[in-house]
Amino acid sequence: MTSLAIELTEINKNFGEVCANKNVSLKIESGTIHGIIGENGAGKSTLMSILYGFYQADSGEIAVKEKPTVIRSAHDAILAGIGMVHQHFMLIDTFTVLENVVLGTETGFSLKESMQASARELRRIEKDYHLEVDINAVINTLPVGLQQRVEILKALYRGAEILILDEPTGVLTPQEADHLFRILDELREQGKTVIFITHKLREIMAITDNVSVMRQGEMVAHRSTSQTNREELAELMVGRKVLLRVEKAPAKTGRMELKVEHLNVTDDSGVHRVKDVCFEVHSGEIVGIAGVSGNGQSELMDVITGIKPLQNGQIQINDETITPALSADAAAMRRFGMAHVPEDRQRRGLVTSFSANENIILGYHKDPAYNGFIEMDRNAIIQSCKKQMKHFDVRPGNPFLRTSLFSGGNQQKLVVARELERDPSLLVVGQPTRGVDIGAIEFIHRQIIAMRDAGKAVLLISVELDEILSLSDRILVMFDGQIMGEILAKDANEREIGLLMAGVRKEAA
Amino acid sequence: MWTDIIVILDATFRISVPFILAAMGGIFAERSGVIDFGLEGKMLGGAFVAATVAHWTQSAWLGLLGAIGIGIVFSMMHGYASVTKRGNQVVSCVAINIFAMGLTVVLANAWFHMGGQTPQLPKGARFLPIELPFADALSEVPIIGDIYSKLISGHSVLVYIAFLAVPFTAWVVFKSSFGLRLRATGENPLAVDTTGISVNKTRYQALILNGILGGMSGAYLSTAHLAFFVKDMSAGKGYLALAAMIVGKWRPYPAMFACLLFSILFATKDKYQHEMQIMMQGIVPAHLLNSFLEMSPYILTVVFLAGFVGKAVAPKAIGQPFSKEK
């Protein structure tokens with residue numbers, strides 16, 4: 001049982017100036033589930049892309065099943081028995097399951113024969129591994145959990161002995177993730193090797209046999225999962241001690257700051273995205289909206305922040321009432337005391353080709369403090385930027401640097417700095433830590449808690465259930481545009497929220 | 001009335017040929033994710049080369065071969081710019097169209113000194129109508145006889161090829177292994193790459209088919225429909241073929257019907273232009289009426305595109321050069 005499925009030796013890969021992988025060596029035993037953990041940008045995905053032939057390493061060696069192997073393309077990887085389930089599924093949405101599986105393996109000019117042969121083979125694999133999917137279903141009609149199953153089937157159909165899963169649980173509900181884990185167990189029992197890439201400690205502890213930790217392009221540690229714990233892994237990932245739990249005092253709620261009544265949103269293509277949503281947020285509390293991505297949270301946030309006009313229903317913010325007839329745009333919402341950290345900082349939070357000091361005034365550029373008689377007051381802007389960068393620990397603290405050159409965490413801190421420095425009475429924040437390193441996550445979480453403790457109202461929208469659980473005082477779960485239920489954070493458990501996220505109401509469960 | 005219908009439909013078939021060939025070519029390119037409104041240029045280039053080669057060799061078939069050749073050359077130029085070099089596909093198409101427009105006239109002037117025209121082709125050097133078997137014998141049978149002998153029989157071989165190109169395209173796109181890859185490449189090239197298929201190779205293969213069909217559509221104009229090449233002979237037909245393809249939602253049969261619909265408008269206009277002029281005499285100035293009649297098929301295209309056919313969903317990756325780097 002100690003034969004090696006994969007051995008990587010001294011892999012190096014540079015993208016221009018950036019060193020993505022530096023002297024990375026890794027041994028993976030066959031028949032095990034091997035976790036690779038690291039923060040965003042630690043080089044996990046690059047390493048796996050090299051193993052799957054998507055990129056070529058600048059130097060280093062790959063051995064598959066103890067044989068030196070050159071992998072120049074996905075085709076080589078498939079021949080070597082490696083299959084990959086990508087983070088963003090590599091499926092053709094308009095094709096059926098069968099067509100997706102067959103694609104690339106067809107023989108002969110006419111499709112008919114390979115399709116019939118494949119259908120038989122695919123049904124056999126489905127049975128062997130308990131991976132039932134309707135093979136004639138069109139991909140875009142399937143829920144993501146099943147789409148992922150199709151990806152696994154695709155790899156198995158191609159004879160994969162070694163299966164790489166890149167952040168496979170990002171789009172799944174906790175129940176779907178558990179189901180995936182059972183599938184992986186089954187695969188291990190049948191002798192397959194699984195490489196499991198994630199940044200979530202919980203998953204590593206739940207499913208893997210061994211774990212390797214990456215940090216800043218280097219492989220920093222290998223552990224047997226049973227011999228380690230979350231705290232040690234977190235420390236290895238970040239390079240210093242981290243607090244996994246956010247500490248906070250009980251909430252002291254005050255007056256109502258935001259009231260949303262019977263809000264409905266229909267998008268441009270006529271899909272009813274948000275369905276009759278009602279809730280309130282009070283000062284001194286954090287209300288979290290949980291849900292799998294794409295269940296109406298983004299649309300809800302767009303309307304509340306004034307990016308999209310209110311179609312029906314009513315929003316009250318402080319003493320202002322907003323109705324469809326009396327709509328308010330994003331600037332008006334800001335005047336009413338709302339600060340807004342958008343979900344996608346690169347598209348909505350920042351103009352990445354602008355410098356830091358230009359970004360720090362976006363949306364507040366009409367503030368008299370920044371404007372002279374005719375020109376903008378550059379000096380005032382730069383001073384203010386410097387101050388905020390220091391306050392929010394943005395590194396490097398250079399107000400002239402182009403925003404795209406900051407790391408994800410520091411970009412996010414710039415946005416948070418801009419929004420919080422205004423002392424708003426209500427903060428609406430979406431995916432505050434998406435693509436952000438653990439150090440910055442810690443910092444941003446502390447800032448959000450500090451806002452709450454200073455008596456502000458916070459509405460937090462996140463697809464990271466851990467984040468919702470550790471920050472919120474009250475949790476609302478969205479599914480298919482509806483609020484499925486409200487849970488007090490102190491009584492919340494993952495299972496219950498997971499069921500709501502999957503659209504199962506309490507009574508039915 | 002009956003004879004009028006037969007005459008109009010007969011003309012419709014003949015007019016529709018370049019549209020259908022070009023639209024099928026467009027389907028191959030666009031299904032693979034490569035925008036192609038360079039069809040106009042390929043048609044023009046094909047028309048010129050077919051007429052010139054046919055004149056030199058006195059063979060319509062060699063002319064057709066030449067047209068196919070220039071179609072492939074143009075589509076490979078497009079492929080090099082937009083697939084290999086990942087340039088902007090629209091710019092590349094515009095370049096091909098302008099290039100074809102200029103080159104054909106310059107070469108025609110240099111070689112034949114006829115103001116951008118090529119010499120009239122004698123009967124032996126162009127595609128002539130062919131009588132299908134029993135056309136004569138059946139012509140006396142009412143209705144069916146008329147339809148067979150006047151409508152179906154008596155076209156040049158390219159007309160039949162064009163109508164065979166439709167089931168051929170449909171089969172290749174939807175029933176062949178190549179078609180599966182082709183459609184996948186146009187929808188999600190990254191996914192195609194991860195299955196080990198070369199995206200660029202698939203796109204080049206599609207462009208070869210596109211060039212063949214595009215060149216043929218031009219050959220029809222100058223060696224079957226007319227018997228010479230004349231400056232700007234394609235006159236926007238390549239664009240109209242592309243519009244028909246979109247109206248047909250990138251599917252061969254609906255695209256063919258869209259081509260036929262446009263063509264029937266041209267044919268009806270041709271048939272009744274004279275009557276209309278007499279009827280409207282004194283009410284609408286003749287030149288204004290003519291302009292409107294000329295315009296009508298194009299206007300109808302816009303109307304169809306704008307609303308009638310519903311939302312046309314293009315292949316998802318259309319116009320995007322494929323690159324692995326993020």
# chains A, B, ... in the order shown; residues from 1 in each chain; ligands from 1
$ residues_around --residues "Ile183 (chain A)" --least-positions-apart "2" --cutoff "10 Å" --atoms "only C-alpha atoms" --output "VMD selection string"
chain A and resid 129 to 131 149 152 177 to 181 185 to 189
$ interface_residues --of "chain A" --to "chain B" --cutoff "6 Å" --atoms "only C-alpha atoms" --output "count of residues only"
9
$ residues_around --residues "region 60-71 of chain B" --least-positions-apart "4" --cutoff "7 Å" --atoms "only C-alpha atoms" --output "list in words"
Lys42, Gly45, Gly46, Ala47, Val49, Ala50, Ala51, Val53, Ala54, Ser75, Ala125, Arg126, Phe127, Gly211, Ile212, Gly214, Gly215, Met216, Gly218, Ala219 and Thr223 of chain B
$ write_last_selection --atoms "N, CA and C atoms" --output "mmCIF file, in the first residue's frame"
data_model
loop_
_atom_site.group_PDB
_atom_site.id
_atom_site.type_symbol
_atom_site.label_atom_id
_atom_site.label_comp_id
_atom_site.auth_asym_id
_atom_site.auth_seq_id
_atom_site.Cartn_x
_atom_site.Cartn_y
_atom_site.Cartn_z
ATOM 1 N N LYS B 42 -15.155 36.716 -49.171
ATOM 2 C CA LYS B 42 -14.914 35.413 -49.795
ATOM 3 C C LYS B 42 -15.793 35.239 -51.022
ATOM 4 N N GLY B 45 -14.282 37.503 -53.724
ATOM 5 C CA GLY B 45 -13.040 36.906 -54.205
ATOM 6 C C GLY B 45 -13.328 35.664 -55.031
ATOM 7 N N GLY B 46 -14.249 34.840 -54.562
ATOM 8 C CA GLY B 46 -14.617 33.620 -55.273
ATOM 9 C C GLY B 46 -15.194 33.936 -56.638
ATOM 10 N N ALA B 47 -16.048 34.951 -56.696
ATOM 11 C CA ALA B 47 -16.675 35.331 -57.963
ATOM 12 C C ALA B 47 -15.607 35.752 -58.970
ATOM 13 N N VAL B 49 -12.259 35.096 -58.964
ATOM 14 C CA VAL B 49 -11.336 34.038 -59.358
ATOM 15 C C VAL B 49 -12.034 33.023 -60.264
ATOM 16 N N ALA B 50 -13.293 32.689 -59.953
ATOM 17 C CA ALA B 50 -14.009 31.724 -60.779
ATOM 18 C C ALA B 50 -14.121 32.229 -62.221
ATOM 19 N N ALA B 51 -14.521 33.504 -62.380
ATOM 20 C CA ALA B 51 -14.692 34.059 -63.724
ATOM 21 C C ALA B 51 -13.358 34.108 -64.456
ATOM 22 N N VAL B 53 -10.476 32.328 -63.854
ATOM 23 C CA VAL B 53 -9.931 31.011 -64.172
ATOM 24 C C VAL B 53 -10.750 30.355 -65.284
ATOM 25 N N ALA B 54 -12.073 30.511 -65.221
ATOM 26 C CA ALA B 54 -12.924 29.918 -66.252
ATOM 27 C C ALA B 54 -12.614 30.529 -67.612
ATOM 28 N N SER B 75 -10.051 32.424 -45.650
ATOM 29 C CA SER B 75 -10.431 31.969 -44.308
ATOM 30 C C SER B 75 -9.194 31.581 -43.501
ATOM 31 N N ALA B 125 -17.789 27.531 -70.852
ATOM 32 C CA ALA B 125 -16.967 27.887 -69.693
ATOM 33 C C ALA B 125 -17.807 28.340 -68.515
ATOM 34 N N ARG B 126 -19.082 28.053 -68.546
ATOM 35 C CA ARG B 126 -19.913 28.391 -67.381
ATOM 36 C C ARG B 126 -20.892 27.257 -67.085
ATOM 37 N N PHE B 127 -21.486 27.326 -65.925
ATOM 38 C CA PHE B 127 -22.430 26.275 -65.515
ATOM 39 C C PHE B 127 -23.771 26.538 -66.180
ATOM 40 N N GLY B 211 -14.333 28.320 -45.863
ATOM 41 C CA GLY B 211 -13.725 28.884 -47.063
ATOM 42 C C GLY B 211 -14.255 28.211 -48.323
ATOM 43 N N ILE B 212 -14.384 26.894 -48.273
ATOM 44 C CA ILE B 212 -14.893 26.150 -49.437
ATOM 45 C C ILE B 212 -16.272 26.661 -49.824
ATOM 46 N N GLY B 214 -17.821 29.444 -48.859
ATOM 47 C CA GLY B 214 -17.803 30.860 -49.195
ATOM 48 C C GLY B 214 -17.327 31.084 -50.620
ATOM 49 N N GLY B 215 -16.254 30.392 -51.020
ATOM 50 C CA GLY B 215 -15.737 30.524 -52.379
ATOM 51 C C GLY B 215 -16.748 30.048 -53.408
ATOM 52 N N MET B 216 -17.414 28.934 -53.098
ATOM 53 C CA MET B 216 -18.418 28.401 -54.028
ATOM 54 C C MET B 216 -19.555 29.382 -54.262
ATOM 55 N N GLY B 218 -19.395 32.485 -54.317
ATOM 56 C CA GLY B 218 -18.943 33.492 -55.278
ATOM 57 C C GLY B 218 -18.918 32.946 -56.695
ATOM 58 N N ALA B 219 -18.438 31.699 -56.836
ATOM 59 C CA ALA B 219 -18.368 31.096 -58.160
ATOM 60 C C ALA B 219 -19.747 31.055 -58.811
ATOM 61 N N THR B 223 -20.219 32.499 -62.595
ATOM 62 C CA THR B 223 -20.135 31.473 -63.653
ATOM 63 C C THR B 223 -21.439 30.710 -63.843
#
$ select_by_dssp --residues "region 93-268 of chain B" --states "alpha helix (DSSP H)" --output "PyMOL selection string"
chain B and resi 93-112+135-138+144-146+157-175+177-187+189-194+199-220+237-247+252-268
$ closest_residue --among "B:Lys123, B:Arg31, B:His113, B:Arg86" --to "Gln58 (chain B)" --atoms "only C-alpha atoms"
B:Lys123
$ decode --residues "region 48-62 of chain A" --atoms "N, CA, C and O atoms" --output "PDB file, in the first residue's frame"
ATOM      1  N   MET A  48      -1.516  22.079  -9.644  1.00  0.00           N
ATOM      2  CA  MET A  48      -2.394  21.069 -10.227  1.00  0.00           C
ATOM      3  C   MET A  48      -2.543  21.266 -11.732  1.00  0.00           C
ATOM      4  O   MET A  48      -2.668  20.310 -12.482  1.00  0.00           O
ATOM      5  N   SER A  49      -2.529  22.521 -12.164  1.00  0.00           N
ATOM      6  CA  SER A  49      -2.590  22.779 -13.603  1.00  0.00           C
ATOM      7  C   SER A  49      -1.360  22.226 -14.301  1.00  0.00           C
ATOM      8  O   SER A  49      -1.427  21.799 -15.451  1.00  0.00           O
ATOM      9  N   ILE A  50      -0.228  22.228 -13.613  1.00  0.00           N
ATOM     10  CA  ILE A  50       0.986  21.653 -14.180  1.00  0.00           C
ATOM     11  C   ILE A  50       0.839  20.131 -14.261  1.00  0.00           C
ATOM     12  O   ILE A  50       1.143  19.517 -15.276  1.00  0.00           O
ATOM     13  N   LEU A  51       0.281  19.563 -13.212  1.00  0.00           N
ATOM     14  CA  LEU A  51       0.094  18.116 -13.202  1.00  0.00           C
ATOM     15  C   LEU A  51      -0.900  17.684 -14.271  1.00  0.00           C
ATOM     16  O   LEU A  51      -0.795  16.597 -14.840  1.00  0.00           O
ATOM     17  N   TYR A  52      -1.873  18.554 -14.567  1.00  0.00           N
ATOM     18  CA  TYR A  52      -2.880  18.194 -15.560  1.00  0.00           C
ATOM     19  C   TYR A  52      -2.489  18.680 -16.961  1.00  0.00           C
ATOM     20  O   TYR A  52      -3.268  18.586 -17.897  1.00  0.00           O
ATOM     21  N   GLY A  53      -1.304  19.228 -17.111  1.00  0.00           N
ATOM     22  CA  GLY A  53      -0.816  19.584 -18.444  1.00  0.00           C
ATOM     23  C   GLY A  53      -1.330  20.895 -18.982  1.00  0.00           C
ATOM     24  O   GLY A  53      -1.155  21.207 -20.154  1.00  0.00           O
ATOM     25  N   PHE A  54      -1.982  21.673 -18.128  1.00  0.00           N
ATOM     26  CA  PHE A  54      -2.535  22.937 -18.588  1.00  0.00           C
ATOM     27  C   PHE A  54      -1.419  23.971 -18.731  1.00  0.00           C
ATOM     28  O   PHE A  54      -1.397  24.754 -19.667  1.00  0.00           O
ATOM     29  N   TYR A  55      -0.497  23.961 -17.767  1.00  0.00           N
ATOM     30  CA  TYR A  55       0.735  24.741 -17.889  1.00  0.00           C
ATOM     31  C   TYR A  55       1.905  23.771 -17.885  1.00  0.00           C
ATOM     32  O   TYR A  55       1.781  22.648 -17.404  1.00  0.00           O
ATOM     33  N   GLN A  56       3.056  24.235 -18.372  1.00  0.00           N
ATOM     34  CA  GLN A  56       4.278  23.442 -18.219  1.00  0.00           C
ATOM     35  C   GLN A  56       5.157  24.071 -17.151  1.00  0.00           C
ATOM     36  O   GLN A  56       5.278  25.291 -17.084  1.00  0.00           O
ATOM     37  N   ALA A  57       5.758  23.208 -16.340  1.00  0.00           N
ATOM     38  CA  ALA A  57       6.666  23.709 -15.318  1.00  0.00           C
ATOM     39  C   ALA A  57       7.926  24.244 -15.997  1.00  0.00           C
ATOM     40  O   ALA A  57       8.321  23.773 -17.057  1.00  0.00           O
ATOM     41  N   ASP A  58       8.541  25.264 -15.354  1.00  0.00           N
ATOM     42  CA  ASP A  58       9.805  25.768 -15.888  1.00  0.00           C
ATOM     43  C   ASP A  58      10.902  24.742 -15.648  1.00  0.00           C
ATOM     44  O   ASP A  58      11.810  24.587 -16.455  1.00  0.00           O
ATOM     45  N   SER A  59      10.835  24.068 -14.510  1.00  0.00           N
ATOM     46  CA  SER A  59      11.769  22.980 -14.249  1.00  0.00           C
ATOM     47  C   SER A  59      11.133  22.028 -13.247  1.00  0.00           C
ATOM     48  O   SER A  59      10.121  22.346 -12.630  1.00  0.00           O
ATOM     49  N   GLY A  60      11.725  20.850 -13.099  1.00  0.00           N
ATOM     50  CA  GLY A  60      11.182  19.875 -12.163  1.00  0.00           C
ATOM     51  C   GLY A  60      10.694  18.626 -12.875  1.00  0.00           C
ATOM     52  O   GLY A  60      10.606  18.593 -14.098  1.00  0.00           O
ATOM     53  N   GLU A  61      10.408  17.597 -12.082  1.00  0.00           N
ATOM     54  CA  GLU A  61      10.018  16.322 -12.674  1.00  0.00           C
ATOM     55  C   GLU A  61       8.701  15.810 -12.119  1.00  0.00           C
ATOM     56  O   GLU A  61       8.367  16.050 -10.965  1.00  0.00           O
ATOM     57  N   ILE A  62       8.000  15.091 -12.963  1.00  0.00           N
ATOM     58  CA  ILE A  62       6.744  14.481 -12.550  1.00  0.00           C
ATOM     59  C   ILE A  62       6.867  12.977 -12.764  1.00  0.00           C
ATOM     60  O   ILE A  62       7.304  12.528 -13.834  1.00  0.00           O
TER      61      ILE A  62
END
